[in-house]
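Peer 1: Got a file for you: target_30.cif, mmCIF, C-alpha atoms.
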data_input
loop_
_atom_site.label_atom_id
_atom_site.label_comp_id
_atom_site.auth_asym_id
_atom_site.auth_seq_id
_atom_site.Cartn_x
_atom_site.Cartn_y
_atom_site.Cartn_z
CA MET A 1 39.81 -10.84 -19.09
CA THR A 2 41.72 -13.58 -17.29
CA THR A 3 38.92 -15.25 -15.36
CA PHE A 4 35.52 -16.27 -16.53
CA ASP A 5 32.64 -17.17 -14.29
CA GLY A 6 30.10 -19.71 -15.42
CA VAL A 7 27.41 -17.34 -16.63
CA SER A 8 29.31 -14.50 -18.22
CA PRO A 9 28.45 -13.81 -21.84
CA VAL A 10 32.12 -13.88 -22.62
CA THR A 11 32.28 -17.50 -21.55
CA ARG A 12 29.24 -18.35 -23.59
CA ARG A 13 30.76 -16.67 -26.60
CA LEU A 14 33.97 -18.54 -26.00
CA VAL A 15 32.09 -21.82 -25.99
CA LEU A 16 30.04 -20.86 -29.02
CA CYS A 17 33.08 -19.85 -30.98
CA GLY A 18 35.01 -22.88 -29.83
CA ALA A 19 37.90 -20.54 -29.16
CA GLY A 20 40.41 -21.72 -26.61
CA SER A 21 42.38 -18.64 -25.80
CA VAL A 22 41.67 -15.43 -23.96
CA ALA A 23 43.02 -13.43 -26.87
CA LEU A 24 40.56 -15.01 -29.28
CA ALA A 25 37.67 -14.43 -26.91
CA GLY A 26 38.61 -10.79 -26.66
CA LEU A 27 38.67 -10.47 -30.42
CA SER A 28 35.29 -12.06 -30.90
CA VAL A 29 33.72 -9.79 -28.30
CA ALA A 30 35.22 -6.74 -29.95
CA ALA A 31 33.90 -7.79 -33.34
CA PHE A 32 30.47 -8.50 -31.92
CA HIS A 33 30.13 -4.95 -30.69
CA THR A 34 30.65 -3.19 -34.01
CA PRO A 35 27.34 -1.96 -35.44
CA ALA A 36 27.92 -3.73 -38.74
CA ALA A 37 28.23 -7.06 -37.03
CA LEU A 38 25.15 -6.31 -34.96
CA ALA A 39 23.11 -5.46 -38.01
CA ALA A 40 24.25 -8.48 -39.94
CA ALA A 41 24.31 -10.98 -37.13
CA ASN A 42 20.65 -11.22 -36.28
CA ASP A 43 17.07 -10.72 -37.31
CA LYS A 44 16.14 -9.24 -33.97
CA TYR A 45 14.13 -6.05 -33.52
CA PRO A 46 16.69 -3.19 -33.71
CA GLU A 47 15.73 -1.74 -30.34
CA ASP A 48 18.61 0.73 -30.03
CA ALA A 49 18.18 2.15 -33.53
CA PHE A 50 14.49 2.80 -32.83
CA LYS A 51 15.41 4.84 -29.73
CA GLN A 52 17.79 7.14 -31.56
CA LYS A 53 17.12 10.88 -31.63
CA ASP A 54 19.64 11.62 -34.39
CA GLY A 55 19.21 10.50 -37.97
CA LYS A 56 22.85 9.78 -38.72
CA GLU A 57 23.27 7.81 -35.50
CA ALA A 58 20.20 5.70 -36.22
CA ILE A 59 21.50 4.86 -39.70
CA LYS A 60 24.89 3.99 -38.24
CA LEU A 61 23.35 1.75 -35.59
CA LEU A 62 21.12 0.03 -38.09
CA TYR A 63 23.60 -0.47 -40.89
CA GLY A 64 27.01 0.39 -39.48
CA ARG A 65 27.79 2.80 -42.29
CA ALA A 66 26.63 5.94 -44.06
CA ALA A 67 24.46 5.88 -47.16
CA GLU A 68 25.26 7.31 -50.58
CA PRO A 69 22.53 9.06 -52.56
CA SER A 70 21.06 7.15 -55.48
CA ASP A 71 18.81 8.32 -58.31
CA LYS A 72 17.53 4.77 -58.73
CA ILE A 73 15.29 5.14 -55.70
CA LYS A 74 11.85 6.59 -56.23
CA LEU A 75 10.47 8.14 -53.04
CA ASP A 76 6.86 9.23 -53.16
CA ALA A 77 5.61 11.54 -50.44
CA PRO A 78 3.31 14.57 -50.45
CA GLU A 79 4.96 18.01 -50.69
CA ILE A 80 2.53 19.28 -48.11
CA ALA A 81 0.95 17.03 -45.49
CA GLU A 82 -2.04 18.65 -43.86
CA ASN A 83 -2.21 15.98 -41.21
CA GLY A 84 1.14 14.89 -39.78
CA ALA A 85 -0.51 11.90 -38.10
CA VAL A 86 -1.02 10.14 -41.42
CA VAL A 87 1.52 10.84 -44.15
CA PRO A 88 1.41 8.33 -47.01
CA ILE A 89 4.95 7.50 -48.12
CA SER A 90 5.99 4.92 -50.65
CA VAL A 91 9.23 3.83 -52.21
CA SER A 92 10.35 1.67 -55.08
CA THR A 93 13.76 1.12 -56.59
CA SER A 94 15.46 -0.41 -59.59
CA LEU A 95 18.54 -1.25 -57.51
CA PRO A 96 19.37 -5.00 -57.59
CA ASP A 97 19.48 -7.48 -54.69
CA VAL A 98 17.65 -5.32 -52.18
CA THR A 99 17.70 -6.84 -48.70
CA SER A 100 16.14 -4.09 -46.61
CA ILE A 101 14.42 -0.72 -46.76
CA ALA A 102 14.19 1.77 -43.88
CA PHE A 103 12.38 5.07 -43.35
CA VAL A 104 13.94 7.84 -41.24
CA VAL A 105 12.28 11.11 -40.25
CA PRO A 106 15.04 13.23 -38.65
CA GLU A 107 12.67 15.77 -37.06
CA ASN A 108 10.64 13.12 -35.20
CA PRO A 109 11.33 12.43 -31.49
CA ASN A 110 12.42 8.92 -32.46
CA VAL A 111 13.95 9.26 -35.90
CA LEU A 112 13.69 5.70 -37.20
CA ALA A 113 10.13 5.04 -38.31
CA ALA A 114 10.17 1.65 -39.97
CA TYR A 115 12.60 -1.01 -41.10
CA TYR A 116 11.54 -3.65 -43.63
CA LYS A 117 13.41 -6.82 -44.45
CA ILE A 118 13.13 -7.85 -48.08
CA PRO A 119 13.89 -11.54 -48.63
CA GLN A 120 14.78 -12.84 -52.07
CA GLY A 121 11.64 -12.99 -54.23
CA THR A 122 10.03 -9.96 -52.60
CA MET A 123 9.86 -6.73 -54.59
CA PRO A 124 11.78 -3.66 -53.38
CA SER A 125 8.60 -1.63 -53.31
CA ILE A 126 6.72 -0.55 -50.18
CA ALA A 127 3.89 1.80 -49.32
CA ASN A 128 3.10 2.78 -45.74
CA ARG A 129 1.80 5.64 -43.59
CA LEU A 130 3.97 7.47 -41.11
CA LYS A 131 3.57 10.12 -38.45
CA MET A 132 5.53 13.35 -38.76
CA ALA A 133 5.94 15.77 -35.86
CA LYS A 134 6.76 18.72 -38.10
CA THR A 135 8.16 19.70 -41.47
CA SER A 136 11.10 17.41 -42.17
CA THR A 137 13.14 15.70 -44.80
CA VAL A 138 12.14 12.06 -45.14
CA ILE A 139 15.06 9.73 -45.74
CA VAL A 140 14.62 6.32 -47.27
CA LEU A 141 17.48 3.84 -47.06
CA VAL A 142 17.87 0.94 -49.43
CA GLU A 143 20.34 -1.83 -48.77
CA SER A 144 21.32 -3.25 -52.13
CA GLY A 145 24.00 -5.82 -52.84
CA GLY A 146 25.69 -5.11 -49.50
CA LYS A 147 25.79 -1.35 -50.09
CA LEU A 148 23.62 1.36 -48.62
CA PHE A 149 21.83 3.96 -50.73
CA SER A 150 19.42 6.73 -49.85
CA ALA A 151 16.92 9.18 -51.27
CA THR A 152 15.30 12.13 -49.55
CA LYS A 153 12.29 14.34 -49.93
CA GLU A 154 11.04 17.28 -47.89
CA VAL A 155 7.51 17.10 -46.59
CA LYS A 156 5.92 20.24 -45.20
CA VAL A 157 3.66 19.42 -42.28
CA THR A 158 0.80 21.77 -41.41
CA VAL A 159 -0.42 20.01 -38.26
CA GLY A 160 2.11 17.78 -36.46
CA GLY A 161 1.31 14.18 -35.74
CA CYS A 162 3.18 13.60 -32.51
CA GLY A 163 1.23 15.87 -30.15
CA GLY A 164 2.79 18.55 -27.99
CA MET B 1 -13.03 -11.23 -31.15
CA ALA B 2 -12.73 -10.23 -34.71
CA SER B 3 -9.20 -10.22 -36.04
CA SER B 4 -7.31 -6.94 -35.95
CA ILE B 5 -5.72 -7.82 -39.29
CA ARG B 6 -7.26 -7.22 -42.68
CA VAL B 7 -5.40 -8.35 -45.77
CA ARG B 8 -6.10 -8.28 -49.47
CA ALA B 9 -3.63 -10.48 -51.33
CA THR B 10 -4.05 -10.67 -55.07
CA ALA B 11 -2.00 -12.88 -57.37
CA SER B 12 -1.46 -11.68 -60.90
CA GLY B 13 0.95 -13.77 -62.94
CA GLU B 14 3.85 -14.68 -60.68
CA THR B 15 3.50 -11.59 -58.51
CA THR B 16 1.26 -11.33 -55.48
CA GLU B 17 0.38 -7.89 -54.18
CA VAL B 18 -0.45 -7.66 -50.49
CA GLN B 19 -2.29 -4.78 -48.84
CA THR B 20 -2.63 -4.87 -45.09
CA LEU B 21 -4.59 -2.82 -42.61
CA ILE B 22 -4.27 -3.47 -38.88
CA GLN B 23 -6.37 -2.04 -36.10
CA HIS B 24 -3.97 -0.76 -33.47
CA PRO B 25 -3.67 2.53 -31.52
CA MET B 26 0.06 2.90 -32.30
CA ASP B 27 0.43 5.29 -29.34
CA SER B 28 3.79 6.98 -29.54
CA GLY B 29 4.12 7.93 -25.89
CA PHE B 30 4.52 11.60 -26.87
CA ILE B 31 0.84 12.54 -26.79
CA LYS B 32 -1.03 13.75 -23.70
CA ASP B 33 -4.58 12.81 -22.79
CA ASP B 34 -7.33 15.20 -21.61
CA LYS B 35 -5.83 15.36 -18.11
CA GLY B 36 -2.43 16.37 -19.46
CA GLU B 37 -0.84 13.01 -18.77
CA PHE B 38 1.19 11.19 -21.37
CA ILE B 39 -0.53 8.22 -22.95
CA PRO B 40 1.98 5.37 -22.59
CA ALA B 41 3.58 4.08 -25.77
CA HIS B 42 1.68 1.17 -27.28
CA TYR B 43 2.79 0.19 -30.75
CA ILE B 44 3.34 -2.82 -32.98
CA ARG B 45 7.02 -3.69 -33.14
CA GLU B 46 7.13 -6.61 -35.49
CA LEU B 47 4.87 -7.71 -38.31
CA THR B 48 5.62 -10.79 -40.38
CA PHE B 49 4.14 -12.36 -43.49
CA GLU B 50 4.72 -16.04 -44.21
CA HIS B 51 4.01 -18.03 -47.34
CA ASN B 52 4.59 -21.79 -47.15
CA GLY B 53 6.46 -21.36 -43.88
CA LYS B 54 8.91 -18.85 -45.38
CA ALA B 55 8.97 -15.21 -44.35
CA VAL B 56 8.25 -13.11 -47.43
CA PHE B 57 8.16 -9.75 -45.67
CA THR B 58 9.06 -8.48 -42.20
CA ALA B 59 8.35 -5.06 -40.79
CA ASP B 60 10.06 -3.65 -37.70
CA TRP B 61 8.10 -0.62 -36.61
CA GLY B 62 8.78 2.23 -34.23
CA THR B 63 6.40 4.77 -32.75
CA ALA B 64 6.22 6.83 -35.95
CA VAL B 65 3.97 4.44 -37.86
CA SER B 66 0.45 5.86 -38.09
CA LYS B 67 -2.51 4.61 -36.07
CA ASP B 68 -4.28 1.65 -37.69
CA PRO B 69 -1.20 0.95 -39.80
CA TYR B 70 -1.31 0.29 -43.52
CA VAL B 71 1.43 -1.38 -45.52
CA LYS B 72 1.62 -2.62 -49.08
CA PHE B 73 4.24 -4.87 -50.67
CA ALA B 74 4.53 -7.53 -53.38
CA PHE B 75 6.33 -10.84 -53.69
CA LYS B 76 6.87 -13.62 -56.22
CA GLY B 77 6.28 -17.34 -56.05
CA ALA B 78 2.71 -17.64 -54.75
CA ALA B 79 -0.43 -18.76 -56.59
CA LYS B 80 -4.13 -18.10 -56.17
CA GLY B 81 -5.51 -20.20 -53.30
CA ASP B 82 -2.22 -20.26 -51.39
CA GLU B 83 -2.28 -19.17 -47.79
CA LEU B 84 -0.56 -16.14 -46.34
CA LYS B 85 0.00 -16.10 -42.59
CA VAL B 86 0.21 -12.67 -40.98
CA SER B 87 1.18 -11.98 -37.38
CA TRP B 88 2.20 -9.05 -35.24
CA ILE B 89 3.50 -8.43 -31.74
CA ASP B 90 3.50 -5.09 -29.94
CA ASN B 91 5.63 -3.53 -27.20
CA LYS B 92 3.25 -4.83 -24.50
CA GLY B 93 3.59 -8.38 -25.75
CA GLU B 94 0.09 -8.45 -27.22
CA THR B 95 -0.13 -10.35 -30.45
CA ASP B 96 -2.49 -11.40 -33.22
CA THR B 97 -2.25 -13.87 -36.08
CA ALA B 98 -4.49 -14.53 -39.06
CA THR B 99 -4.31 -16.54 -42.25
CA PHE B 100 -5.58 -15.30 -45.59
CA LYS B 101 -6.19 -16.94 -48.96
CA ILE B 102 -4.45 -15.35 -51.89
CA GLN B 103 -7.01 -14.35 -54.50
#
Would you put the structure from the file into structure tokens?
Peer 2:
Amino acid sequence: MTTFDGVSPVTRRLVLCGAGSVALAGLSVAAFHTPAALAAANDKYPEDAFKQKDGKEAIKLLYGRAAEPSDKIKLDAPEIAENGAVVPISVSTSLPDVTSIAFVVPENPNVLAAYYKIPQGTMPSIANRLKMAKTSTVIVLVESGGKLFSATKEVKVTVGGCGG
Amino acid sequence: MASSIRVRATASGETTEVQTLIQHPMDSGFIKDDKGEFIPAHYIRELTFEHNGKAVFTADWGTAVSKDPYVKFAFKGAAKGDELKVSWIDNKGETDTATFKIQ
């Protein structure tokens, strides 16, 4: 951390931050790599979260924290899905200041299914259709007022929707 | 080519409800074809809705969204006759955009 070549991201960060010391550069890099900062810092497609095979890890990568259950989230999904390729799932919530909603299916090969950003003025209510490989709990995550809440429902799948 | 995007946006009072249907294979990469070879992943990654140049809804999708995806949401602040711009981009860089009148 004592020398910087012209193209290193550290140098760019240093310039961007306007920080003059090596110590400060080190700090800013460290902060940048925490999941929370990653989630908050950009609107980019959360590539790494979508590759996750583990539900908890995906939630951590996406939001940088664990969710607490909330009874103010209404998750609608069928108890039995005959066709795992098309499972209608919808969610609405009375939680205030919702900024994002995400759907996680822990038994799928890639657990994160969809992540929706909810700007101010858009209702925290979404309906979509997801694939489910097999019977699984569906987790919906709602980011509300800077906190993370979740609701779950088990969906029994008769014919899986991910092949194999 | 006809647009891959179909939207019904209906304003009622200050709320506009938007239903969207997109034609796309949404291949997950986990399914094999007749010869037993995996069909490569081909799925929409980002879908955005803009009203008056402002994003009113953004979807980041993975491979678990069903083929020919459907999504429904609602937002405030639009009136009948306003335009809603919808665009998507998939993991191969293919993209489509269409504009719809709010009814």
Peer 1: Could you please select, counting only C-alpha atoms, the residues of chain A within 10 Å of chain B and state them as a ChimeraX atom specification?
Peer 2: /A:43-47,49-51,84-90,92,100-105,108-133,161-164
Peer 1: Please evaluate the PyMOL selection byres ((chain B and resi 24) around 8) against the displayed coordinates and give the resulting residues as a list in words.
Peer 2: Ser4, Ile22, Gln23, Pro25, Met26, Tyr43, Ile44, Lys67, Asp68 and Pro69 of chain B
Peer 1: Quick check, in Å to one decimal: how far apart do atom CA of B:Arg8 and atom CA of A:Val142 lie?
Peer 2: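 Distance between the two atoms: 25.7 Å.
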Peer 1: Choose the residue, out of A:Lys134, A:Lys60, A:Lys147, A:Lys53, that has the smallest atom-to-atom separation from A:Ile80; count all atoms listed in the file.
Peer 2: A:Lys134
Peer 1: Could you jot down the atom CA of A:Thr93 to atom CA of A:Lys74 separation for me, Å, one decimal place?
Peer 2: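 A separation of 5.8 Å between them.
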Peer 1: Which residues, written as a ChimeraX atom specification, have at least one atom at most 7 Å from B:Lys101, with all atoms listed in the file counted and residues fewer than 5 positions away on the same chain left out?
Peer 2: /B:81-84
Peer 1: At what distance in Å, to one decimal, does atom CA of A:Asp48 lie from atom CA of A:Val159?
Peer 2: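 About the pair atom CA of A:Val159 and atom CA of A:Asp48: they are 28.3 Å apart.
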Peer 1: Considering all atoms listed in the file, can you say which of B:Ile89, B:Glu37, B:Glu94, B:Glu50 comes closest to B:Val18?
Peer 2: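 For B:Val18, the nearest of the given residues is B:Glu50.
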Peer 1: Residues at most 8 Å from B:Ser87, counting all atoms listed in the file, excluding those fewer than 6 positions away in the same chain, as a ChimeraX atom specification?
Peer 2: /B:47-49,95-98
Peer 1: Keeping only C-alpha atoms, write the selected residues to a file as a CSV table (one decimal), keeping the file's coordinate frame.
Peer 2:
chain,number,residue,atom,x,y,z
B,47,LEU,CA,4.9,-7.7,-38.3
B,48,THR,CA,5.6,-10.8,-40.4
B,49,PHE,CA,4.1,-12.4,-43.5
B,95,THR,CA,-0.1,-10.4,-30.4
B,96,ASP,CA,-2.5,-11.4,-33.2
B,97,THR,CA,-2.2,-13.9,-36.1
B,98,ALA,CA,-4.5,-14.5,-39.1
Peer 1: Give me the residues near A:Phe149 as a list in words, where near means some atom within 12 Å (using all atoms listed in the file) and where sequence neighbours in that chain fewer than 4 positions away do not count.
Peer 2: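 Skipping anything fewer than 4 positions along the chain leaves Ile59, Tyr63, Arg65, Ala66, Ala67, Glu68, Pro69, Ser70, Asp71, Lys72, Ile73, Lys74, Thr93, Ser94, Leu95, Pro96, Val98, Thr99, Ser100, Ile101, Ala102, Ile139, Val140, Leu141, Val142, Glu143, Ser144 and Gly145 of chain A.
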Peer 1: Once N, CA and C atoms are restored for stretch 83-110 of chain A, what would the output be as a PDB file, in the coordinates of the input?
Peer 2:
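Okay, rebuild_3.pdb is ready:
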ATOM      1  N   ASN A  83      -2.103  16.696 -42.466  1.00  0.00           N
ATOM      2  CA  ASN A  83      -2.210  15.980 -41.210  1.00  0.00           C
ATOM      3  C   ASN A  83      -0.949  15.151 -40.982  1.00  0.00           C
ATOM      4  N   GLY A  84      -0.114  15.589 -40.040  1.00  0.00           N
ATOM      5  CA  GLY A  84       1.140  14.890 -39.780  1.00  0.00           C
ATOM      6  C   GLY A  84       0.953  13.506 -39.180  1.00  0.00           C
ATOM      7  N   ALA A  85      -0.264  13.204 -38.724  1.00  0.00           N
ATOM      8  CA  ALA A  85      -0.510  11.900 -38.100  1.00  0.00           C
ATOM      9  C   ALA A  85      -0.560  10.779 -39.135  1.00  0.00           C
ATOM     10  N   VAL A  86      -0.908  11.153 -40.368  1.00  0.00           N
ATOM     11  CA  VAL A  86      -1.020  10.140 -41.420  1.00  0.00           C
ATOM     12  C   VAL A  86      -0.408  10.701 -42.698  1.00  0.00           C
ATOM     13  N   VAL A  87       0.847  10.376 -42.939  1.00  0.00           N
ATOM     14  CA  VAL A  87       1.520  10.840 -44.150  1.00  0.00           C
ATOM     15  C   VAL A  87       1.829   9.611 -45.013  1.00  0.00           C
ATOM     16  N   PRO A  88       1.142   9.488 -46.160  1.00  0.00           N
ATOM     17  CA  PRO A  88       1.410   8.330 -47.010  1.00  0.00           C
ATOM     18  C   PRO A  88       2.761   8.461 -47.711  1.00  0.00           C
ATOM     19  N   ILE A  89       3.606   7.471 -47.529  1.00  0.00           N
ATOM     20  CA  ILE A  89       4.950   7.500 -48.120  1.00  0.00           C
ATOM     21  C   ILE A  89       5.203   6.150 -48.761  1.00  0.00           C
ATOM     22  N   SER A  90       5.668   6.186 -50.006  1.00  0.00           N
ATOM     23  CA  SER A  90       5.990   4.920 -50.650  1.00  0.00           C
ATOM     24  C   SER A  90       7.328   5.023 -51.356  1.00  0.00           C
ATOM     25  N   VAL A  91       7.919   3.870 -51.587  1.00  0.00           N
ATOM     26  CA  VAL A  91       9.230   3.830 -52.210  1.00  0.00           C
ATOM     27  C   VAL A  91       9.312   2.625 -53.129  1.00  0.00           C
ATOM     28  N   SER A  92      10.007   2.815 -54.243  1.00  0.00           N
ATOM     29  CA  SER A  92      10.350   1.670 -55.080  1.00  0.00           C
ATOM     30  C   SER A  92      11.716   1.965 -55.681  1.00  0.00           C
ATOM     31  N   THR A  93      12.407   0.922 -56.089  1.00  0.00           N
ATOM     32  CA  THR A  93      13.760   1.120 -56.590  1.00  0.00           C
ATOM     33  C   THR A  93      14.091   0.108 -57.672  1.00  0.00           C
ATOM     34  N   SER A  94      14.989   0.526 -58.569  1.00  0.00           N
ATOM     35  CA  SER A  94      15.460  -0.410 -59.590  1.00  0.00           C
ATOM     36  C   SER A  94      16.819  -0.981 -59.199  1.00  0.00           C
ATOM     37  N   LEU A  95      17.272  -0.682 -57.988  1.00  0.00           N
ATOM     38  CA  LEU A  95      18.540  -1.250 -57.510  1.00  0.00           C
ATOM     39  C   LEU A  95      18.390  -2.769 -57.371  1.00  0.00           C
ATOM     40  N   PRO A  96      19.462  -3.533 -57.664  1.00  0.00           N
ATOM     41  CA  PRO A  96      19.370  -5.000 -57.590  1.00  0.00           C
ATOM     42  C   PRO A  96      19.608  -5.525 -56.171  1.00  0.00           C
ATOM     43  N   ASP A  97      19.185  -6.757 -55.937  1.00  0.00           N
ATOM     44  CA  ASP A  97      19.480  -7.480 -54.690  1.00  0.00           C
ATOM     45  C   ASP A  97      19.202  -6.652 -53.439  1.00  0.00           C
ATOM     46  N   VAL A  98      18.004  -6.117 -53.354  1.00  0.00           N
ATOM     47  CA  VAL A  98      17.650  -5.320 -52.180  1.00  0.00           C
ATOM     48  C   VAL A  98      17.328  -6.251 -51.015  1.00  0.00           C
ATOM     49  N   THR A  99      17.944  -5.996 -49.866  1.00  0.00           N
ATOM     50  CA  THR A  99      17.700  -6.840 -48.700  1.00  0.00           C
ATOM     51  C   THR A  99      16.929  -6.128 -47.592  1.00  0.00           C
ATOM     52  N   SER A 100      16.956  -4.787 -47.596  1.00  0.00           N
ATOM     53  CA  SER A 100      16.140  -4.090 -46.610  1.00  0.00           C
ATOM     54  C   SER A 100      15.883  -2.658 -47.043  1.00  0.00           C
ATOM     55  N   ILE A 101      14.805  -2.105 -46.496  1.00  0.00           N
ATOM     56  CA  ILE A 101      14.420  -0.720 -46.760  1.00  0.00           C
ATOM     57  C   ILE A 101      14.026  -0.101 -45.420  1.00  0.00           C
ATOM     58  N   ALA A 102      14.517   1.121 -45.151  1.00  0.00           N
ATOM     59  CA  ALA A 102      14.190   1.770 -43.880  1.00  0.00           C
ATOM     60  C   ALA A 102      13.756   3.212 -44.126  1.00  0.00           C
ATOM     61  N   PHE A 103      12.862   3.694 -43.262  1.00  0.00           N
ATOM     62  CA  PHE A 103      12.380   5.070 -43.350  1.00  0.00           C
ATOM     63  C   PHE A 103      12.842   5.832 -42.106  1.00  0.00           C
ATOM     64  N   VAL A 104      13.459   7.009 -42.338  1.00  0.00           N
ATOM     65  CA  VAL A 104      13.940   7.840 -41.240  1.00  0.00           C
ATOM     66  C   VAL A 104      13.345   9.232 -41.384  1.00  0.00           C
ATOM     67  N   VAL A 105      12.800   9.744 -40.286  1.00  0.00           N
ATOM     68  CA  VAL A 105      12.280  11.110 -40.250  1.00  0.00           C
ATOM     69  C   VAL A 105      13.072  11.879 -39.194  1.00  0.00           C
ATOM     70  N   PRO A 106      14.106  12.638 -39.621  1.00  0.00           N
ATOM     71  CA  PRO A 106      15.040  13.230 -38.650  1.00  0.00           C
ATOM     72  C   PRO A 106      14.410  14.198 -37.652  1.00  0.00           C
ATOM     73  N   GLU A 107      13.276  14.815 -37.994  1.00  0.00           N
ATOM     74  CA  GLU A 107      12.670  15.770 -37.060  1.00  0.00           C
ATOM     75  C   GLU A 107      11.723  15.107 -36.055  1.00  0.00           C
ATOM     76  N   ASN A 108      11.507  13.806 -36.167  1.00  0.00           N
ATOM     77  CA  ASN A 108      10.640  13.120 -35.200  1.00  0.00           C
ATOM     78  C   ASN A 108      11.389  12.880 -33.893  1.00  0.00           C
ATOM     79  N   PRO A 109      10.660  12.705 -32.773  1.00  0.00           N
ATOM     80  CA  PRO A 109      11.330  12.430 -31.490  1.00  0.00           C
ATOM     81  C   PRO A 109      12.177  11.156 -31.551  1.00  0.00           C
ATOM     82  N   ASN A 110      11.631  10.109 -32.143  1.00  0.00           N
ATOM     83  CA  ASN A 110      12.420   8.920 -32.460  1.00  0.00           C
ATOM     84  C   ASN A 110      12.543   8.900 -33.980  1.00  0.00           C
TER      85      ASN A 110
END
